[in-house]
Amino acid sequence: MKERSYHLLTSSPPLLHPYRRRASRNAQLTGLAFAAPWIVGFIVFFAYPVIASAYYSLCSFDAIRPPRFIGFENYRRMFTEDDLFWKSLWNTLYMVVAGLPVGLAASLGIALLLNRKVKGMTVYRTIYYLPSITPVVATSILWLWLLNPEMGLINIALGKMHLMQPGWLTDPAWAKAALILMGLWGAGGGMVIYLAALQDVPESLTEAAALDGAGKLQQFRHVTLPMLSPVILFNLIMGLIGSFQYFTQAYVMTSGGPQDSTMFYALHLFNRAFLDFRMGYASAMAWVLFLVTLVCALLVFKTSARWVYYAGEGR
Amino acid sequence: MRRRLPGLAWLLIAAVALLAPVGCGRLATGPAPKQVIYWTGWSAEEFNTQQRLVDQFNREHPGIQVQMLSQFGNSGYQKVRIAFAGGATPDVMSTIWADELAGYAMRGVLEPLDGYLKRSGRNLERDFTPGVARMLRVRGKVYGLCATTNTSFIAYNKAIFREAGVDPYHPPATIAELDAAARACTVYDRRGSFVRYGFRPGGLALWAYVFGGQWVDPVTGRITADHPGNLAALRWLASYAKKYDLKKMQVFQSTFGSDQTANGPFFVGKVAMWSTGEWAEQFVRRYAPKLEWGWFPLPAPPGGRAGCSSAGGSVFVIPAACKDKEAAWKFLDWFTRAKPVARFCSGIGNVPPVVEAGADPAFQQSALFRFAVNLSRSRNTFGPPGTPIWPTYAREIGRVEGKVMLGGGDPAALLADLQRRMTREQLDAMQDLRG
């Protein structure tokens, strides 16, 4: 039995000298002891809740009284009876499909601008990065003022240019656009990653392209962009996951209004769990969100073989 | 070295295990007073006002030591839920909204107070205002007491009334008069934008009662979202959406600050009538001390309910898991008696829910508070109905209202749909409660 557990615990070849065997077993235990805080934390705060939520999703559960098993009833209700489920899913997909590309493009655009050799560039980089480390709640409150239809700076500026002044967060047709606009303010987070990748694009490649007669646009299209594609993939996946979980801004600024136009999936889930005592239903919603996100991420990965270029790989 | 480390790790674990109880334990020095842990939902200045009362209680009751902790804000109320779920509750708490009382009570996590009330010679219906007393009873049993309540009425700007030709000494008493006054006080500029508006009604949950409606049948507990009175109220709200461009009104309103800032539309004379409560007084005093203003109860239509107001706010409860319920009750009983209630309410500018406290000079000196105290004693004061799904229900009522007011939805169809959904929701909750 001892031998067996020894084999399970170690990857080093068996039949060692007894002393060394004990030593390496002790090393294993020491390693486990040091990793224990993380392992315990992982099991208690991550693995258990995940497994429990899968079970609760099959229950009617109010978080106070014991769960009551009801099979797939939560899922059936979600798909067939909950109008807000579909509405919130649609709103969230809107943020993924419309908001995410805009955000990615903005980060990349800023990164390209800040990659030029201009005096005082580090100052500019800092300025553009700053908003992304401001707490979301603080940013949201600030933007409530900027987006005020009559008094906000944005509409005052639009008015001065004789352009249309939308109602932003007070108008269901513009509320999501307002949130996307606000999201651009935090583009600095993605920008930093792009900047790092841009510095890795070998100048020899762009120079070679230039010698072959490629213009700036062609250099960007055929050299820079392919070299950046792994980083774009990374930002896309992270952005995808983040967009599907869009919550804080809507919670702070609109509570889902006006007329459910900013009722995002995570907000609806939160309301069901913490306002309505429907923890089982909320767990089911969380699993559906997980599956939707997973499928989207897999689709992106599947297509990535066609557009992501890794240096050293043949194409 | 390598062989010694596991021993060290064990030593560390043993040390932590040995030291842990030291942090939790108390030094034993004779018979200590009974500790009552009290979670309050009030913060800042209101917390301080309450702390002074708690200190007074502690001085007067040497055998009990109440320790008050603030659990303010949304996270505080979530913490309450988690505490109930884990059975780790304090001894007394006022961190429960009236909206949530029935839900918690029916889930069996609150101590019924009927026996304690009786033994202390108290009577809920006699001691408390009618709306509050009704709201504190869940399926016949009392699950909490209140130390504060609020009222709902309409404040109006007398100067605007005069200018618009509405008699400032006879404010609207019927819905028809209210509509007429609202129209007379509304002014547009040449482009059709608002310069000032008369009234923007809101709050279907309360207006339904004004029109004779109800949300839950008080006898059977059945959901009655499609009650004809509710429909009449919603249709009346919709009439404002037809008469005025509410989106424009909302944009116009957002130009000014919220109702609690110096720039609030009522304080700067941009709206003639304002749905508010007794707390308006301190804001007017602070932001528009020269404003010439008055107030009147919600007007009712023929056949409706006159003098309707809302009851609600924080409820004091003893969790079922409380270990020393007698000590907890002593504090709860003391705090909800007329004198402490009068001191607390006058200190934080609320209306006392205890009938006797309303006679206190602190309230009788102010014309507005005399009015509010009277209003709070009206039989037509309504708190959250006793259904465990009220937080959900109230939110859904708000969504229906939004769909009608801003989206032009059909009132009858929306209420019928609400009826169907909430009946289902309540049925689910009841099934859960049966286990």
# chains A, B, ... in the order shown; residues from 1 in each chain; ligands from 1

call {"tool": "interface_residues", "arguments": {"of": "chain A", "to": "chain B", "cutoff": "8 Å", "atoms": "only C-alpha atoms", "output": "ChimeraX atom specification"}}
result
/A:23,26-27,29-30,33,60-66,68,148-151,167,170-171,258-259,274-276

call {"tool": "select_by_dssp", "arguments": {"residues": "range 222-345 of chain B", "states": "strand (DSSP E or B)", "output": "JSON, numbers by chain"}}
result
{"B": [223, 271, 273, 274, 275, 276, 293, 294, 295, 296, 298, 300, 308, 309, 310, 314, 315, 316, 317, 319]}

call {"tool": "write_last_selection", "arguments": {"atoms": "C-alpha atoms", "output": "PDB file, in the first residue's frame"}}
result
ATOM      1  CA  ILE B 223     -51.995  37.944  -5.908  1.00  0.00           C
ATOM      2  CA  VAL B 271     -41.695  71.909 -11.041  1.00  0.00           C
ATOM      3  CA  MET B 273     -45.712  69.735  -7.470  1.00  0.00           C
ATOM      4  CA  TRP B 274     -43.398  67.114  -6.065  1.00  0.00           C
ATOM      5  CA  SER B 275     -44.186  63.618  -4.743  1.00  0.00           C
ATOM      6  CA  THR B 276     -42.248  63.503  -1.522  1.00  0.00           C
ATOM      7  CA  TRP B 293     -44.403  75.951  -0.199  1.00  0.00           C
ATOM      8  CA  GLY B 294     -47.244  73.817   1.071  1.00  0.00           C
ATOM      9  CA  TRP B 295     -48.354  70.194   1.009  1.00  0.00           C
ATOM     10  CA  PHE B 296     -51.439  68.089   0.517  1.00  0.00           C
ATOM     11  CA  LEU B 298     -52.528  62.336  -2.455  1.00  0.00           C
ATOM     12  CA  ALA B 300     -58.235  60.475  -4.782  1.00  0.00           C
ATOM     13  CA  CYS B 308     -53.453  57.351   1.204  1.00  0.00           C
ATOM     14  CA  SER B 309     -49.871  57.143   2.340  1.00  0.00           C
ATOM     15  CA  SER B 310     -47.156  54.533   2.434  1.00  0.00           C
ATOM     16  CA  SER B 314     -36.407  49.488   8.508  1.00  0.00           C
ATOM     17  CA  VAL B 315     -37.848  46.826  10.776  1.00  0.00           C
ATOM     18  CA  PHE B 316     -36.310  45.688  14.060  1.00  0.00           C
ATOM     19  CA  VAL B 317     -36.297  41.917  14.440  1.00  0.00           C
ATOM     20  CA  PRO B 319     -33.450  36.374  14.629  1.00  0.00           C
TER      21      PRO B 319
END

call {"tool": "residues_around", "arguments": {"residues": "Leu195 in chain A", "least_positions_apart": "5", "cutoff": "9 Å", "atoms": "only C-alpha atoms", "output": "PyMOL selection string"}}
result
chain A and resi 108+110-112+114-115+190+200

call {"tool": "write_last_selection", "arguments": {"atoms": "all heavy atoms", "output": "compact mmCIF listing (two decimals), in the first residue's frame"}}
result
# COMPACT_ATOMS: atom_id res chain seq x y z
N LEU A 108 -6.13 49.15 -29.91
CA LEU A 108 -5.08 48.99 -30.91
C LEU A 108 -4.70 50.34 -31.52
O LEU A 108 -3.51 50.64 -31.69
CB LEU A 108 -5.55 48.02 -32.00
CG LEU A 108 -4.55 47.69 -33.10
CD1 LEU A 108 -3.27 47.13 -32.51
CD2 LEU A 108 -5.14 46.68 -34.08
N ILE A 110 -4.97 53.35 -30.22
CA ILE A 110 -4.20 54.16 -29.28
C ILE A 110 -2.78 53.62 -29.17
O ILE A 110 -1.80 54.38 -29.16
CB ILE A 110 -4.87 54.17 -27.88
CG1 ILE A 110 -6.27 54.78 -27.99
CG2 ILE A 110 -4.05 54.96 -26.89
CD1 ILE A 110 -7.11 54.59 -26.74
N ALA A 111 -2.66 52.28 -29.14
CA ALA A 111 -1.33 51.67 -29.02
C ALA A 111 -0.46 52.06 -30.20
O ALA A 111 0.72 52.39 -30.04
CB ALA A 111 -1.46 50.16 -28.91
N LEU A 112 -1.06 52.06 -31.41
CA LEU A 112 -0.29 52.42 -32.60
C LEU A 112 0.19 53.87 -32.51
O LEU A 112 1.33 54.19 -32.83
CB LEU A 112 -1.14 52.22 -33.86
CG LEU A 112 -1.37 50.77 -34.27
CD1 LEU A 112 -2.41 50.67 -35.37
CD2 LEU A 112 -0.06 50.13 -34.71
N LEU A 114 0.66 55.57 -29.81
CA LEU A 114 1.63 55.74 -28.72
C LEU A 114 2.92 54.96 -28.96
O LEU A 114 3.80 54.94 -28.11
CB LEU A 114 1.00 55.32 -27.39
CG LEU A 114 -0.16 56.20 -26.92
CD1 LEU A 114 -0.68 55.74 -25.57
CD2 LEU A 114 0.27 57.65 -26.82
N ASN A 115 3.00 54.28 -30.09
CA ASN A 115 4.20 53.52 -30.39
C ASN A 115 5.16 54.36 -31.24
O ASN A 115 6.21 53.88 -31.65
CB ASN A 115 3.83 52.22 -31.11
CG ASN A 115 4.98 51.23 -31.11
OD1 ASN A 115 5.70 51.15 -30.12
ND2 ASN A 115 5.16 50.53 -32.21
N GLY A 190 -6.08 47.31 -22.52
CA GLY A 190 -5.71 46.53 -23.70
C GLY A 190 -4.54 47.17 -24.43
O GLY A 190 -3.67 46.48 -24.97
N ASP A 200 7.73 44.31 -30.04
CA ASP A 200 8.34 43.04 -30.42
C ASP A 200 8.31 42.79 -31.93
O ASP A 200 8.87 41.82 -32.40
CB ASP A 200 7.60 41.88 -29.73
CG ASP A 200 8.17 41.62 -28.35
OD1 ASP A 200 9.22 42.24 -28.04
OD2 ASP A 200 7.57 40.85 -27.59

call {"tool": "residues_around", "arguments": {"residues": "Thr186 in chain B", "least_positions_apart": "2", "cutoff": "10 Å", "atoms": "only C-alpha atoms", "output": "mmCIF file with N, CA, C and O atoms, in the first residue's frame"}}
result
data_model
loop_
_atom_site.group_PDB
_atom_site.id
_atom_site.type_symbol
_atom_site.label_atom_id
_atom_site.label_comp_id
_atom_site.auth_asym_id
_atom_site.auth_seq_id
_atom_site.Cartn_x
_atom_site.Cartn_y
_atom_site.Cartn_z
ATOM 1 N N ILE B 160 -45.786 79.413 -7.770
ATOM 2 C CA ILE B 160 -46.137 78.919 -9.111
ATOM 3 C C ILE B 160 -47.650 78.747 -9.222
ATOM 4 O O ILE B 160 -48.262 79.106 -10.235
ATOM 5 N N ALA B 164 -50.002 80.582 -11.936
ATOM 6 C CA ALA B 164 -50.743 79.783 -12.914
ATOM 7 C C ALA B 164 -52.254 79.879 -12.714
ATOM 8 O O ALA B 164 -53.020 79.244 -13.435
ATOM 9 N N ALA B 181 -54.462 71.289 -12.269
ATOM 10 C CA ALA B 181 -53.372 72.109 -11.726
ATOM 11 C C ALA B 181 -52.060 71.796 -12.442
ATOM 12 O O ALA B 181 -51.270 72.693 -12.756
ATOM 13 N N ALA B 182 -51.842 70.505 -12.711
ATOM 14 C CA ALA B 182 -50.606 70.097 -13.395
ATOM 15 C C ALA B 182 -50.524 70.763 -14.758
ATOM 16 O O ALA B 182 -49.470 71.272 -15.158
ATOM 17 N N ARG B 183 -51.653 70.765 -15.456
ATOM 18 C CA ARG B 183 -51.682 71.370 -16.788
ATOM 19 C C ARG B 183 -51.442 72.879 -16.696
ATOM 20 O O ARG B 183 -50.644 73.441 -17.453
ATOM 21 N N ALA B 184 -52.122 73.529 -15.746
ATOM 22 C CA ALA B 184 -52.024 74.996 -15.634
ATOM 23 C C ALA B 184 -50.597 75.432 -15.310
ATOM 24 O O ALA B 184 -50.152 76.499 -15.734
ATOM 25 N N TYR B 188 -44.190 75.740 -21.686
ATOM 26 C CA TYR B 188 -43.236 75.340 -22.726
ATOM 27 C C TYR B 188 -42.587 76.582 -23.330
ATOM 28 O O TYR B 188 -43.153 77.668 -23.278
ATOM 29 N N PHE B 194 -39.765 72.000 -22.361
ATOM 30 C CA PHE B 194 -40.293 72.421 -21.058
ATOM 31 C C PHE B 194 -39.508 73.594 -20.492
ATOM 32 O O PHE B 194 -38.273 73.617 -20.564
ATOM 33 N N VAL B 195 -40.234 74.561 -19.957
ATOM 34 C CA VAL B 195 -39.612 75.607 -19.153
ATOM 35 C C VAL B 195 -39.889 75.281 -17.684
ATOM 36 O O VAL B 195 -39.081 75.540 -16.799
ATOM 37 N N ARG B 196 -41.039 74.649 -17.487
ATOM 38 C CA ARG B 196 -41.461 74.250 -16.148
ATOM 39 C C ARG B 196 -42.576 73.228 -16.336
ATOM 40 O O ARG B 196 -43.311 73.289 -17.324
ATOM 41 N N TYR B 197 -42.670 72.265 -15.456
ATOM 42 C CA TYR B 197 -43.806 71.355 -15.569
ATOM 43 C C TYR B 197 -44.559 71.285 -14.250
ATOM 44 O O TYR B 197 -44.034 71.630 -13.186
ATOM 45 N N GLY B 198 -45.824 70.852 -14.374
ATOM 46 C CA GLY B 198 -46.688 70.864 -13.198
ATOM 47 C C GLY B 198 -46.458 69.691 -12.274
ATOM 48 O O GLY B 198 -46.179 69.858 -11.083
ATOM 49 N N PHE B 199 -46.518 68.494 -12.848
ATOM 50 C CA PHE B 199 -46.456 67.310 -11.992
ATOM 51 C C PHE B 199 -46.082 66.114 -12.834
ATOM 52 O O PHE B 199 -46.554 65.974 -13.962
ATOM 53 N N TYR B 244 -48.285 64.489 -21.990
ATOM 54 C CA TYR B 244 -46.979 65.142 -21.989
ATOM 55 C C TYR B 244 -45.951 64.216 -22.622
ATOM 56 O O TYR B 244 -46.100 63.006 -22.581
ATOM 57 N N LYS B 270 -38.670 74.702 -10.870
ATOM 58 C CA LYS B 270 -38.897 74.182 -12.220
ATOM 59 C C LYS B 270 -40.011 73.146 -12.250
ATOM 60 O O LYS B 270 -40.337 72.609 -13.301
ATOM 61 N N VAL B 271 -40.543 72.809 -11.098
ATOM 62 C CA VAL B 271 -41.695 71.909 -11.041
ATOM 63 C C VAL B 271 -42.622 72.444 -9.941
ATOM 64 O O VAL B 271 -42.162 72.900 -8.899
ATOM 65 N N ALA B 272 -43.930 72.400 -10.231
ATOM 66 C CA ALA B 272 -44.890 72.977 -9.285
ATOM 67 C C ALA B 272 -45.220 72.015 -8.155
ATOM 68 O O ALA B 272 -45.368 72.421 -7.010
#

call {"tool": "closest_residue", "arguments": {"among": "A:Gln199, A:Asn74, A:Ser140, A:Gln28", "to": "Leu58 in chain A", "atoms": "only C-alpha atoms"}}
result
A:Asn74
